$ cat input_14.json   # JSON, C-alpha atoms and all ligand atoms
[["chain", "number", "residue", "atom", "x", "y", "z"],
["A", 385, "MET", "CA", -12.65, -5.13, -7.81],
["A", 386, "LEU", "CA", -15.53, -2.69, -8.21],
["A", 387, "ARG", "CA", -14.88, -1.33, -4.71],
["A", 388, "MET", "CA", -11.26, -0.66, -5.66],
["A", 389, "VAL", "CA", -12.17, 1.07, -8.90],
["A", 390, "ASN", "CA", -14.81, 3.19, -7.13],
["A", 391, "GLN", "CA", -12.05, 4.33, -4.74],
["A", 392, "CYS", "CA", -9.70, 5.16, -7.63],
["A", 393, "PHE", "CA", -12.45, 7.23, -9.24],
["A", 394, "GLY", "CA", -13.46, 8.86, -5.92],
["A", 395, "ASN", "CA", -17.04, 8.56, -7.13],
["A", 396, "VAL", "CA", -20.31, 8.52, -5.21],
["A", 397, "ALA", "CA", -19.87, 4.82, -4.35],
["A", 398, "ASP", "CA", -16.31, 5.32, -3.03],
["A", 399, "GLU", "CA", -16.31, 3.97, 0.52],
["A", 400, "VAL", "CA", -13.87, 6.64, 1.67],
["A", 401, "LYS", "CA", -16.03, 9.34, 0.08],
["A", 402, "GLY", "CA", -13.41, 10.82, -2.21],
["A", 403, "ARG", "CA", -11.17, 11.80, 0.71],
["A", 404, "GLN", "CA", -8.17, 9.76, -0.34],
["A", 405, "MET", "CA", -5.82, 9.73, -3.31],
["A", 406, "PRO", "CA", -6.32, 6.91, -5.82],
["A", 407, "VAL", "CA", -4.95, 3.48, -4.75],
["A", 408, "HIS", "CA", -5.27, 4.43, -1.08],
["A", 409, "TYR", "CA", -7.77, 1.60, -0.60],
["A", 410, "SER", "CA", -9.52, 1.12, 2.70],
["A", 411, "PHE", "CA", -11.99, -1.68, 3.46],
["A", 412, "LYS", "CA", -13.30, -1.80, 7.00],
["A", 413, "ASP", "CA", -14.99, -5.21, 6.69],
["A", 414, "ILE", "CA", -11.73, -7.00, 5.80],
["A", 415, "HIS", "CA", -9.57, -4.88, 8.15],
["A", 416, "PHE", "CA", -7.68, -3.33, 5.27],
["A", 417, "PHE", "CA", -6.47, 0.07, 6.32],
["A", 418, "SER", "CA", -5.32, 2.71, 3.88],
["A", 419, "ILE", "CA", -1.74, 3.65, 3.22],
["A", 420, "SER", "CA", -1.11, 7.34, 3.83],
["A", 421, "SER", "CA", 0.24, 9.97, 1.48],
["A", 422, "PRO", "CA", 2.56, 11.38, 4.18],
["A", 423, "LEU", "CA", 5.24, 8.71, 3.99],
["A", 424, "GLY", "CA", 5.58, 6.25, 6.86],
["A", 425, "THR", "CA", 2.38, 7.16, 8.70],
["A", 426, "GLN", "CA", 1.07, 3.61, 8.41],
["A", 427, "ILE", "CA", 4.18, 2.21, 10.14],
["A", 428, "VAL", "CA", 3.27, 3.70, 13.53],
["A", 429, "GLN", "CA", -0.42, 3.01, 12.96],
["A", 430, "ALA", "CA", 0.34, -0.68, 12.35],
["A", 431, "ALA", "CA", 2.54, -0.87, 15.46],
["A", 432, "GLY", "CA", -0.25, 0.70, 17.53],
["A", 433, "ALA", "CA", -2.89, -1.61, 16.07],
["A", 434, "ALA", "CA", -0.66, -4.63, 16.72],
["A", 435, "TYR", "CA", -0.13, -3.57, 20.33],
["A", 436, "GLY", "CA", -3.91, -3.25, 20.70],
["A", 437, "MET", "CA", -4.33, -6.77, 19.29],
["A", 438, "LYS", "CA", -1.83, -8.07, 21.80],
["A", 439, "LEU", "CA", -3.55, -6.35, 24.73],
["A", 440, "LYS", "CA", -6.89, -7.81, 23.65],
["A", 441, "GLY", "CA", -5.33, -11.27, 23.44],
["A", 442, "SER", "CA", -6.55, -11.74, 19.85],
["A", 443, "LYS", "CA", -4.68, -13.96, 17.39],
["A", 444, "GLN", "CA", -4.65, -11.19, 14.80],
["A", 445, "VAL", "CA", -1.47, -9.92, 13.18],
["A", 446, "ALA", "CA", -0.95, -6.43, 11.75],
["A", 447, "MET", "CA", 0.99, -6.15, 8.52],
["A", 448, "THR", "CA", 2.11, -2.92, 6.91],
["A", 449, "SER", "CA", 4.00, -2.22, 3.72],
["A", 450, "PHE", "CA", 6.02, 0.80, 2.69],
["A", 451, "GLY", "CA", 8.85, 1.74, 0.34],
["A", 452, "ASP", "CA", 12.57, 2.17, 0.86],
["A", 453, "GLY", "CA", 11.89, 5.92, 0.91],
["A", 454, "SER", "CA", 9.80, 5.59, 4.08],
["A", 455, "SER", "CA", 12.68, 3.97, 5.97],
["A", 456, "SER", "CA", 14.18, 7.45, 6.45],
["A", 457, "GLU", "CA", 11.05, 8.79, 8.14],
["A", 458, "ILE", "CA", 10.95, 9.10, 11.92],
["A", 459, "ASP", "CA", 7.83, 6.91, 11.84],
["A", 460, "PHE", "CA", 10.04, 3.97, 10.82],
["A", 461, "HIS", "CA", 12.05, 4.33, 14.03],
["A", 462, "SER", "CA", 9.01, 4.97, 16.24],
["A", 463, "GLY", "CA", 6.99, 2.11, 14.77],
["A", 464, "LEU", "CA", 9.71, -0.53, 14.82],
["A", 465, "ASN", "CA", 10.86, 0.45, 18.29],
["A", 466, "LEU", "CA", 7.34, 0.37, 19.75],
["A", 467, "ALA", "CA", 6.52, -2.98, 18.15],
["A", 468, "ALA", "CA", 9.78, -4.56, 19.31],
["A", 469, "VAL", "CA", 9.71, -3.29, 22.87],
["A", 470, "THR", "CA", 6.07, -4.36, 23.31],
["A", 471, "LYS", "CA", 6.66, -7.63, 21.38],
["A", 472, "SER", "CA", 3.60, -6.88, 19.30],
["A", 473, "PRO", "CA", 2.36, -9.06, 16.41],
["A", 474, "CYS", "CA", 3.43, -6.74, 13.61],
["A", 475, "ILE", "CA", 5.07, -7.42, 10.25],
["A", 476, "PHE", "CA", 6.88, -4.61, 8.50],
["A", 477, "MET", "CA", 7.15, -5.20, 4.74],
["A", 478, "LEU", "CA", 9.76, -2.88, 3.27],
["A", 479, "GLU", "CA", 9.63, -2.87, -0.52],
["A", 480, "ASN", "CA", 13.19, -2.03, -1.55],
["A", 481, "ASN", "CA", 12.70, -1.22, -5.22],
["A", 482, "GLN", "CA", 16.05, 0.66, -5.28],
["A", 483, "TYR", "CA", 14.62, 4.15, -5.71],
["A", 484, "ALA", "CA", 12.54, 6.66, -3.76],
["A", 485, "ILE", "CA", 11.28, 8.64, -6.73],
["A", 486, "SER", "CA", 14.73, 9.70, -8.09],
["A", 487, "VAL", "CA", 16.78, 9.00, -4.94],
["A", 488, "PRO", "CA", 18.76, 5.75, -5.25],
["A", 489, "SER", "CA", 19.10, 3.47, -2.22],
["A", 490, "ALA", "CA", 22.80, 4.39, -1.88],
["A", 491, "LYS", "CA", 21.74, 7.97, -1.08],
["A", 492, "GLN", "CA", 18.87, 6.83, 1.14],
["A", 493, "SER", "CA", 20.75, 4.60, 3.55],
["A", 494, "ALA", "CA", 24.37, 3.85, 4.50],
["A", 495, "SER", "CA", 23.45, 0.48, 6.04],
["A", 496, "GLU", "CA", 24.54, -2.63, 4.16],
["A", 497, "SER", "CA", 20.88, -3.56, 3.76],
["A", 498, "TYR", "CA", 17.49, -2.40, 5.01],
["A", 499, "ALA", "CA", 16.87, -5.70, 6.78],
["A", 500, "ILE", "CA", 19.93, -5.18, 9.00],
["A", 501, "LYS", "CA", 18.26, -2.16, 10.63],
["A", 502, "ALA", "CA", 15.97, -4.61, 12.48],
["A", 503, "ALA", "CA", 18.88, -5.77, 14.65],
["A", 504, "ALA", "CA", 19.11, -2.37, 16.34],
["A", 505, "TYR", "CA", 15.45, -2.62, 17.38],
["A", 506, "GLY", "CA", 15.77, -6.17, 18.66],
["A", 507, "MET", "CA", 13.72, -7.98, 16.05],
["A", 508, "PRO", "CA", 14.59, -10.33, 13.19],
["A", 509, "GLY", "CA", 15.27, -8.70, 9.81],
["A", 510, "VAL", "CA", 14.89, -10.90, 6.76],
["A", 511, "GLN", "CA", 16.08, -9.96, 3.27],
["A", 512, "VAL", "CA", 14.26, -11.82, 0.53],
["A", 513, "ASP", "CA", 14.14, -11.84, -3.27],
["A", 514, "GLY", "CA", 11.00, -9.77, -3.71],
["A", 515, "ASN", "CA", 10.53, -11.14, -7.24],
["A", 516, "ASP", "CA", 10.28, -14.73, -6.00],
["A", 517, "VAL", "CA", 6.62, -15.32, -5.14],
["A", 518, "LEU", "CA", 7.19, -18.50, -3.11],
["A", 519, "ALA", "CA", 10.16, -17.10, -1.18],
["A", 520, "VAL", "CA", 8.09, -14.05, -0.20],
["A", 521, "TYR", "CA", 5.22, -16.33, 0.84],
["A", 522, "LYS", "CA", 7.55, -18.45, 2.98],
["A", 523, "VAL", "CA", 9.22, -15.60, 4.89],
["A", 524, "THR", "CA", 5.85, -13.92, 5.41],
["A", 525, "ALA", "CA", 4.23, -17.12, 6.69],
["A", 526, "ASP", "CA", 7.16, -17.60, 9.10],
["A", 527, "ALA", "CA", 6.79, -14.03, 10.37],
["A", 528, "VAL", "CA", 3.03, -14.52, 10.89],
["A", 529, "GLU", "CA", 3.72, -17.68, 12.87],
["A", 530, "ARG", "CA", 6.27, -15.91, 15.06],
["A", 531, "ALA", "CA", 3.83, -13.07, 15.67],
["A", 532, "ARG", "CA", 0.99, -15.49, 16.56],
["A", 533, "ASN", "CA", 3.29, -17.36, 18.95],
["A", 534, "GLY", "CA", 3.91, -14.15, 20.87],
["A", 535, "GLU", "CA", 7.49, -13.81, 19.58],
["A", 536, "GLY", "CA", 7.01, -10.26, 18.33],
["A", 537, "PRO", "CA", 7.54, -8.31, 15.12],
["A", 538, "THR", "CA", 9.64, -8.98, 11.99],
["A", 539, "LEU", "CA", 11.07, -6.64, 9.39],
["A", 540, "ILE", "CA", 11.04, -8.11, 5.88],
["A", 541, "GLU", "CA", 13.03, -6.42, 3.12],
["A", 542, "LEU", "CA", 11.71, -7.34, -0.31],
["A", 543, "VAL", "CA", 14.45, -6.70, -2.85],
["A", 544, "THR", "CA", 12.94, -5.72, -6.17],
["A", 545, "PHE", "CA", 13.05, -2.98, -8.77],
["A", 546, "ARG", "CA", 10.62, -0.25, -9.81],
["A", 547, "MET", "CA", 10.02, -1.03, -13.50],
["A", 548, "SER", "CA", 8.37, 2.29, -14.26],
["A", 549, "ALA", "CA", 8.01, 5.83, -13.02],
["A", 550, "HIS", "CA", 7.07, 6.61, -9.43],
["A", 551, "SER", "CA", 4.12, 8.63, -10.71],
["A", 552, "THR", "CA", 2.92, 10.31, -13.89],
["A", 553, "SER", "CA", 5.03, 13.39, -13.06],
["A", 554, "ASP", "CA", 8.23, 11.33, -12.73],
["A", 555, "ASP", "CA", 10.64, 10.46, -15.57],
["A", 556, "PRO", "CA", 13.10, 7.67, -14.61],
["A", 557, "SER", "CA", 15.09, 8.12, -17.84],
["A", 558, "ARG", "CA", 16.56, 11.21, -16.16],
["A", 559, "TYR", "CA", 18.17, 9.32, -13.29],
["A", 560, "CYS", "CA", 18.01, 5.57, -13.84],
["A", 561, "PRO", "CA", 20.52, 3.69, -16.08],
["A", 562, "PRO", "CA", 18.50, 1.99, -18.87],
["A", 563, "GLU", "CA", 20.40, -1.31, -18.52],
["A", 564, "LEU", "CA", 18.83, -1.75, -15.06],
["A", 565, "PHE", "CA", 15.40, -2.06, -16.68],
["A", 566, "LYS", "CA", 16.76, -4.78, -19.02],
["A", 567, "GLN", "CA", 18.39, -6.67, -16.15],
["A", 568, "TRP", "CA", 15.30, -6.60, -13.98],
["A", 569, "ALA", "CA", 12.92, -7.47, -16.82],
["A", 570, "GLU", "CA", 14.63, -10.89, -16.79],
["A", 571, "LYS", "CA", 13.57, -11.28, -13.17],
["A", 572, "ASP", "CA", 9.90, -10.47, -13.75],
["A", 573, "PRO", "CA", 8.14, -12.22, -10.85],
["A", 574, "LEU", "CA", 5.07, -13.16, -12.89],
["A", 575, "LYS", "CA", 7.13, -14.76, -15.67],
["A", 576, "ARG", "CA", 9.26, -16.61, -13.12],
["A", 577, "TYR", "CA", 6.25, -17.93, -11.24],
["A", 578, "GLU", "CA", 4.55, -18.93, -14.48],
["A", 579, "ALA", "CA", 7.68, -20.84, -15.52],
["A", 580, "TYR", "CA", 7.69, -22.60, -12.15],
["A", 581, "LEU", "CA", 3.99, -23.51, -12.35],
["A", 582, "LEU", "CA", 4.48, -24.90, -15.86],
["A", 583, "LYS", "CA", 7.56, -26.91, -14.91],
["A", 584, "ALA", "CA", 5.91, -28.29, -11.79],
["A", 585, "LYS", "CA", 2.85, -29.11, -13.94],
["A", 586, "VAL", "CA", 0.56, -27.19, -11.56],
["A", 587, "MET", "CA", -1.03, -25.29, -14.45],
["A", 588, "THR", "CA", -0.97, -25.45, -18.24],
["A", 589, "GLN", "CA", -0.15, -22.47, -20.47],
["A", 590, "ALA", "CA", -3.78, -22.38, -21.61],
["A", 591, "GLU", "CA", -5.00, -22.15, -17.99],
["A", 592, "MET", "CA", -2.58, -19.33, -17.26],
["A", 593, "ASP", "CA", -3.61, -17.44, -20.38],
["A", 594, "LYS", "CA", -7.20, -17.73, -19.23],
["A", 595, "VAL", "CA", -6.34, -16.33, -15.76],
["A", 596, "ALA", "CA", -4.66, -13.33, -17.41],
["A", 597, "LYS", "CA", -7.55, -12.78, -19.83],
["A", 598, "ASP", "CA", -10.16, -13.09, -17.06],
["A", 599, "ALA", "CA", -8.25, -10.61, -14.90],
["A", 600, "VAL", "CA", -8.28, -7.98, -17.66],
["A", 601, "ALA", "CA", -11.99, -8.61, -18.29],
["A", 602, "GLU", "CA", -12.73, -8.25, -14.56],
["A", 603, "VAL", "CA", -10.95, -4.89, -14.37],
["A", 604, "GLU", "CA", -12.61, -3.61, -17.55],
["A", 605, "ALA", "CA", -16.07, -4.67, -16.32],
["A", 606, "ALA", "CA", -15.45, -2.94, -12.97],
["A", 607, "ILE", "CA", -14.39, 0.27, -14.75],
["A", 608, "LYS", "CA", -17.55, 0.23, -16.89],
["A", 609, "GLU", "CA", -19.67, -0.34, -13.78],
["A", 610, "ALA", "CA", -17.87, 2.39, -11.78],
["A", 611, "GLU", "CA", -18.41, 4.88, -14.61],
["A", 612, "LYS", "CA", -22.16, 4.52, -14.05],
["A", 613, "ASN", "CA", -21.82, 5.88, -10.52],
["A", 614, "GLY", "CA", -22.23, 9.60, -9.86],
["A", 615, "PRO", "CA", -19.02, 11.59, -10.36],
["A", 616, "HIS", "CA", -18.42, 12.60, -6.75],
["A", 617, "PRO", "CA", -19.85, 12.18, -3.25],
["A", 618, "ALA", "CA", -22.36, 14.82, -2.10],
["A", 619, "PRO", "CA", -20.36, 17.86, -0.87],
["A", 620, "GLU", "CA", -21.96, 17.84, 2.61],
["A", 621, "THR", "CA", -20.41, 14.40, 3.27],
["A", 622, "MET", "CA", -17.11, 16.15, 3.95],
["A", 623, "PHE", "CA", -18.55, 17.33, 7.28],
["A", 624, "GLY", "CA", -19.41, 13.82, 8.43],
["A", 625, "ASP", "CA", -17.69, 11.03, 10.34],
["A", 626, "VAL", "CA", -15.78, 13.12, 12.88],
["A", 627, "TYR", "CA", -18.39, 14.51, 15.32],
["A", 628, "GLU", "CA", -21.57, 12.79, 16.48],
["A", 629, "HIS", "CA", -23.10, 16.29, 16.72],
["A", 630, "LEU", "CA", -21.55, 18.88, 14.44],
["A", 631, "PRO", "CA", -20.27, 21.91, 16.45],
["A", 632, "PRO", "CA", -22.10, 25.20, 15.61],
["A", 633, "ILE", "CA", -19.07, 26.66, 13.78],
["A", 634, "LEU", "CA", -19.00, 23.68, 11.42],
["A", 635, "GLU", "CA", -22.79, 23.81, 10.97],
["A", 636, "GLU", "CA", -22.27, 27.40, 9.83],
["A", 637, "GLN", "CA", -19.48, 26.42, 7.43],
["A", 638, "LYS", "CA", -21.57, 23.56, 6.06],
["A", 639, "ALA", "CA", -24.51, 25.89, 5.38],
["A", 640, "ALA", "CA", -22.21, 28.46, 3.71],
["A", 641, "MET", "CA", -20.55, 25.78, 1.59],
["A", 642, "LEU", "CA", -23.90, 24.31, 0.49],
["A", 643, "LYS", "CA", -25.21, 27.77, -0.41],
["A", 644, "ASP", "CA", -22.10, 28.37, -2.50],
["A", 645, "PHE", "CA", -22.33, 24.92, -4.06],
["A", 646, "ASN", "CA", -25.99, 25.34, -4.98],
["A", 647, "GLU", "CA", -25.25, 28.71, -6.58],
["A", 648, "HIS", "CA", -21.96, 27.90, -8.33],
["A", 649, "GLY", "CA", -21.49, 24.11, -8.47],
["A", 650, "VAL", "CA", -18.37, 22.19, -7.50],
["A", 651, "PRO", "CA", -16.17, 24.14, -5.02],
["A", 652, "GLY", "CA", -13.28, 25.83, -6.77],
["A", 653, "ALA", "CA", -15.01, 25.75, -10.15],
["A", 654, "HIS", "CA", -15.75, 29.46, -10.21],
["B", 1, "LIG", "C1", 6.45, 12.82, 4.75],
["B", 1, "LIG", "C2", 6.59, 12.88, 3.25],
["B", 1, "LIG", "N1", 7.70, 13.43, 2.70],
["B", 1, "LIG", "C3", 7.82, 13.50, 1.36],
["B", 1, "LIG", "C4", 6.83, 13.02, 0.54],
["B", 1, "LIG", "C5", 6.96, 13.13, -0.97],
["B", 1, "LIG", "N2", 7.19, 11.79, -1.53],
["B", 1, "LIG", "C6", 6.18, 11.08, -2.07],
["B", 1, "LIG", "S1", 6.66, 9.55, -2.57],
["B", 1, "LIG", "C7", 8.26, 9.84, -2.10],
["B", 1, "LIG", "C8", 9.31, 8.77, -2.23],
["B", 1, "LIG", "C9", 8.88, 7.48, -1.63],
["B", 1, "LIG", "O1", 9.82, 6.50, -1.81],
["B", 1, "LIG", "P1", 9.40, 5.00, -2.05],
["B", 1, "LIG", "O2", 8.39, 4.61, -1.05],
["B", 1, "LIG", "O3", 10.65, 4.21, -2.14],
["B", 1, "LIG", "O4", 8.60, 5.10, -3.41],
["B", 1, "LIG", "P2", 8.90, 4.60, -4.90],
["B", 1, "LIG", "O5", 9.62, 5.71, -5.62],
["B", 1, "LIG", "O6", 9.68, 3.36, -4.83],
["B", 1, "LIG", "O7", 7.54, 4.40, -5.53],
["B", 1, "LIG", "C10", 8.40, 11.12, -1.56],
["B", 1, "LIG", "C11", 9.67, 11.68, -1.04],
["B", 1, "LIG", "C12", 5.67, 12.47, 1.16],
["B", 1, "LIG", "N3", 4.66, 11.96, 0.46],
["B", 1, "LIG", "N4", 5.58, 12.41, 2.51],
["B", 2, "MG", "MG", 11.17, 2.85, -3.56]]
$ encode --input "input_14.json" --output "structure tokens"
Amino acid sequence: MLRMVNQCFGNVADEVKGRQMPVHYSFKDIHFFSISSPLGTQIVQAAGAAYGMKLKGSKQVAMTSFGDGSSSEIDFHSGLNLAAVTKSPCIFMLENNQYAISVPSAKQSASESYAIKAAAYGMPGVQVDGNDVLAVYKVTADAVERARNGEGPTLIELVTFRMSAHSTSDDPSRYCPPELFKQWAEKDPLKRYEAYLLKAKVMTQAEMDKVAKDAVAEVEAAIKEAEKNGPHPAPETMFGDVYEHLPPILEEQKAAMLKDFNEHGVPGAH
């Protein structure tokens, strides 16, 4: 949790050194690769990684997720085609939450579903209720098994709804009928799963309340801890991680930037 909050803050302990937008988490040790701000980038990256896994003969599976909006990017075509033609162990999770910022699905795609697009690439396409935790688990587990058995990629369309704005600069009341929020509130996946767990006597209400309370406490503790870390990574870190030996032109730029920083503080602040 702390690692995630450090990334959101882009502080001195952020493992990606403040180079990514918030929620673009990346954890090398657990093979969790960041999403990308340019939509769809991760689709081709996942297909490439999956092909590499296949060539190495590993039993790993690459899984990537993206929104309905990314299905219109050329990366969607390139990634799905590459994975299918190479029969790579890749799972494409398309979160169809009905909107790409303000663009409704009907203006995004003329296909009868997103899942159906898989047929053209020669891979299975599965449409699932994205608000049903167990259904999502089942179709994902099946896709992992297919991938591990050498049967290639799967496209999974998770049908859901975006219950809030795309971002803080978005206002869904300008384009989204209010009754949709009411309808989809009834299908809240957490409430549904809680109801199932109660009915199946897997957990009691008190146990579930404790899980929810503990989760909030964990996030709050991580935020307090992350606030103790320095506000941003040292400016010279932006020159690292690309070259083993920095080329002279970049050495020059680094020296000029550090001189400026030492005289005026944070770049852009003067
Ligand atoms: C290549 C590219 N084009 C445009 C954008 C601007 N943009 C950011 S998010 C977004 C819509 C994404 O749709 P979706 O993934 O369905 O997101 P949702 O609104 O459901 O959160 C767009 C067009 C971008 N980030 N990258
Ligand atoms: Mg969307």
$ closest_residue --input "input_14.json" --among "A:Lys597, A:Arg387, A:Lys401, A:Arg546" --to "Phe623 (chain A)" --atoms "all atoms listed in the file"
A:Lys401
$ closest_residue --input "input_14.json" --among "A:Leu464, A:Val469, A:Ala490, A:Ile419" --to "Asp452 (chain A)" --atoms "only C-alpha atoms"
A:Ala490
$ residues_around --input "input_14.json" --residues "Leu581 (chain A)" --least-positions-apart "5" --cutoff "12 Å" --atoms "only C-alpha atoms" --output "PyMOL selection string"
chain A and resi 517-518+574-576+586-589+591-592
$ residues_near_point --input "input_14.json" --point "(10.7, 10.4, -6.9)" --cutoff "8 Å" --atoms "only C-alpha atoms" --output "number ranges by chain"
A: 483-487, 550-551, 554
$ closest_atom_pairs --input "input_14.json" --of "chain A" --to "ligand LIG 1 (chain B)" --cutoff "10 Å" --atoms "only C-alpha atoms and all ligand atoms" --output "JSON lines"
{"residue": "A:Ser420", "atom": "CA", "partner": "B:LIG1", "partner_atom": "N3", "distance": 8.1}
{"residue": "A:Ser421", "atom": "CA", "partner": "B:LIG1", "partner_atom": "N3", "distance": 5.0}
{"residue": "A:Pro422", "atom": "CA", "partner": "B:LIG1", "partner_atom": "N4", "distance": 3.6}
{"residue": "A:Leu423", "atom": "CA", "partner": "B:LIG1", "partner_atom": "N4", "distance": 4.0}
{"residue": "A:Gly424", "atom": "CA", "partner": "B:LIG1", "partner_atom": "C1", "distance": 7.0}
{"residue": "A:Thr425", "atom": "CA", "partner": "B:LIG1", "partner_atom": "C1", "distance": 8.0}
{"residue": "A:Ser449", "atom": "CA", "partner": "B:LIG1", "partner_atom": "O2", "distance": 9.4}
{"residue": "A:Phe450", "atom": "CA", "partner": "B:LIG1", "partner_atom": "O2", "distance": 5.8}
{"residue": "A:Gly451", "atom": "CA", "partner": "B:LIG1", "partner_atom": "O2", "distance": 3.2}
{"residue": "A:Asp452", "atom": "CA", "partner": "B:LIG1", "partner_atom": "O3", "distance": 4.1}
{"residue": "A:Gly453", "atom": "CA", "partner": "B:LIG1", "partner_atom": "O1", "distance": 3.5}
{"residue": "A:Ser454", "atom": "CA", "partner": "B:LIG1", "partner_atom": "O2", "distance": 5.4}
{"residue": "A:Ser455", "atom": "CA", "partner": "B:LIG1", "partner_atom": "O2", "distance": 8.3}
{"residue": "A:Ser456", "atom": "CA", "partner": "B:LIG1", "partner_atom": "O1", "distance": 9.4}
{"residue": "A:Glu457", "atom": "CA", "partner": "B:LIG1", "partner_atom": "C1", "distance": 7.0}
{"residue": "A:Ile458", "atom": "CA", "partner": "B:LIG1", "partner_atom": "C1", "distance": 9.2}
{"residue": "A:Asp459", "atom": "CA", "partner": "B:LIG1", "partner_atom": "C1", "distance": 9.3}
{"residue": "A:Leu478", "atom": "CA", "partner": "B:LIG1", "partner_atom": "O2", "distance": 8.8}
{"residue": "A:Glu479", "atom": "CA", "partner": "B:LIG1", "partner_atom": "O3", "distance": 7.3}
{"residue": "A:Asn480", "atom": "CA", "partner": "B:LIG1", "partner_atom": "O3", "distance": 6.8}
{"residue": "A:Asn481", "atom": "CA", "partner": "B:LIG1", "partner_atom": "O6", "distance": 5.5}
{"residue": "A:Gln482", "atom": "CA", "partner": "B:LIG1", "partner_atom": "O6", "distance": 6.9}
{"residue": "A:Tyr483", "atom": "CA", "partner": "B:LIG1", "partner_atom": "O6", "distance": 5.1}
{"residue": "A:Ala484", "atom": "CA", "partner": "B:LIG1", "partner_atom": "O1", "distance": 3.4}
{"residue": "A:Ile485", "atom": "CA", "partner": "B:LIG1", "partner_atom": "O5", "distance": 3.5}
{"residue": "A:Ser486", "atom": "CA", "partner": "B:LIG1", "partner_atom": "O5", "distance": 6.9}
{"residue": "A:Val487", "atom": "CA", "partner": "B:LIG1", "partner_atom": "O5", "distance": 7.9}
{"residue": "A:Pro488", "atom": "CA", "partner": "B:LIG1", "partner_atom": "O3", "distance": 8.8}
{"residue": "A:Ser489", "atom": "CA", "partner": "B:LIG1", "partner_atom": "O3", "distance": 8.5}
{"residue": "A:Gln492", "atom": "CA", "partner": "B:LIG1", "partner_atom": "O3", "distance": 9.2}
{"residue": "A:Thr544", "atom": "CA", "partner": "B:LIG1", "partner_atom": "O6", "distance": 9.7}
{"residue": "A:Phe545", "atom": "CA", "partner": "B:LIG1", "partner_atom": "O6", "distance": 8.2}
{"residue": "A:Arg546", "atom": "CA", "partner": "B:LIG1", "partner_atom": "O6", "distance": 6.2}
{"residue": "A:Met547", "atom": "CA", "partner": "B:LIG1", "partner_atom": "O6", "distance": 9.7}
{"residue": "A:Ser548", "atom": "CA", "partner": "B:LIG1", "partner_atom": "O7", "distance": 9.0}
{"residue": "A:Ala549", "atom": "CA", "partner": "B:LIG1", "partner_atom": "O5", "distance": 7.6}
{"residue": "A:His550", "atom": "CA", "partner": "B:LIG1", "partner_atom": "O7", "distance": 4.5}
{"residue": "A:Ser551", "atom": "CA", "partner": "B:LIG1", "partner_atom": "O7", "distance": 7.5}
{"residue": "A:Asp554", "atom": "CA", "partner": "B:LIG1", "partner_atom": "O5", "distance": 9.2}
{"residue": "A:Pro556", "atom": "CA", "partner": "B:LIG1", "partner_atom": "O5", "distance": 9.8}
$ atom_distance --input "input_14.json" --atom1 "CA of Ala610 (chain A)" --atom2 "CA of Val595 (chain A)"
22.3 Å
$ residues_near_point --input "input_14.json" --point "(-21.5, 24.7, -1.0)" --cutoff "12 Å" --atoms "only C-alpha atoms" --output "PyMOL selection string"
chain A and resi 618-623+636-654
$ closest_residue --input "input_14.json" --among "A:Val510, A:Glu541, A:Asn390, A:Val400" --to "ligand MG 2 (chain B)" --atoms "all atoms listed in the file"
A:Glu541
$ atom_distance --input "input_14.json" --atom1 "CA of Ala569 (chain A)" --atom2 "CA of Leu542 (chain A)"
16.6 Å
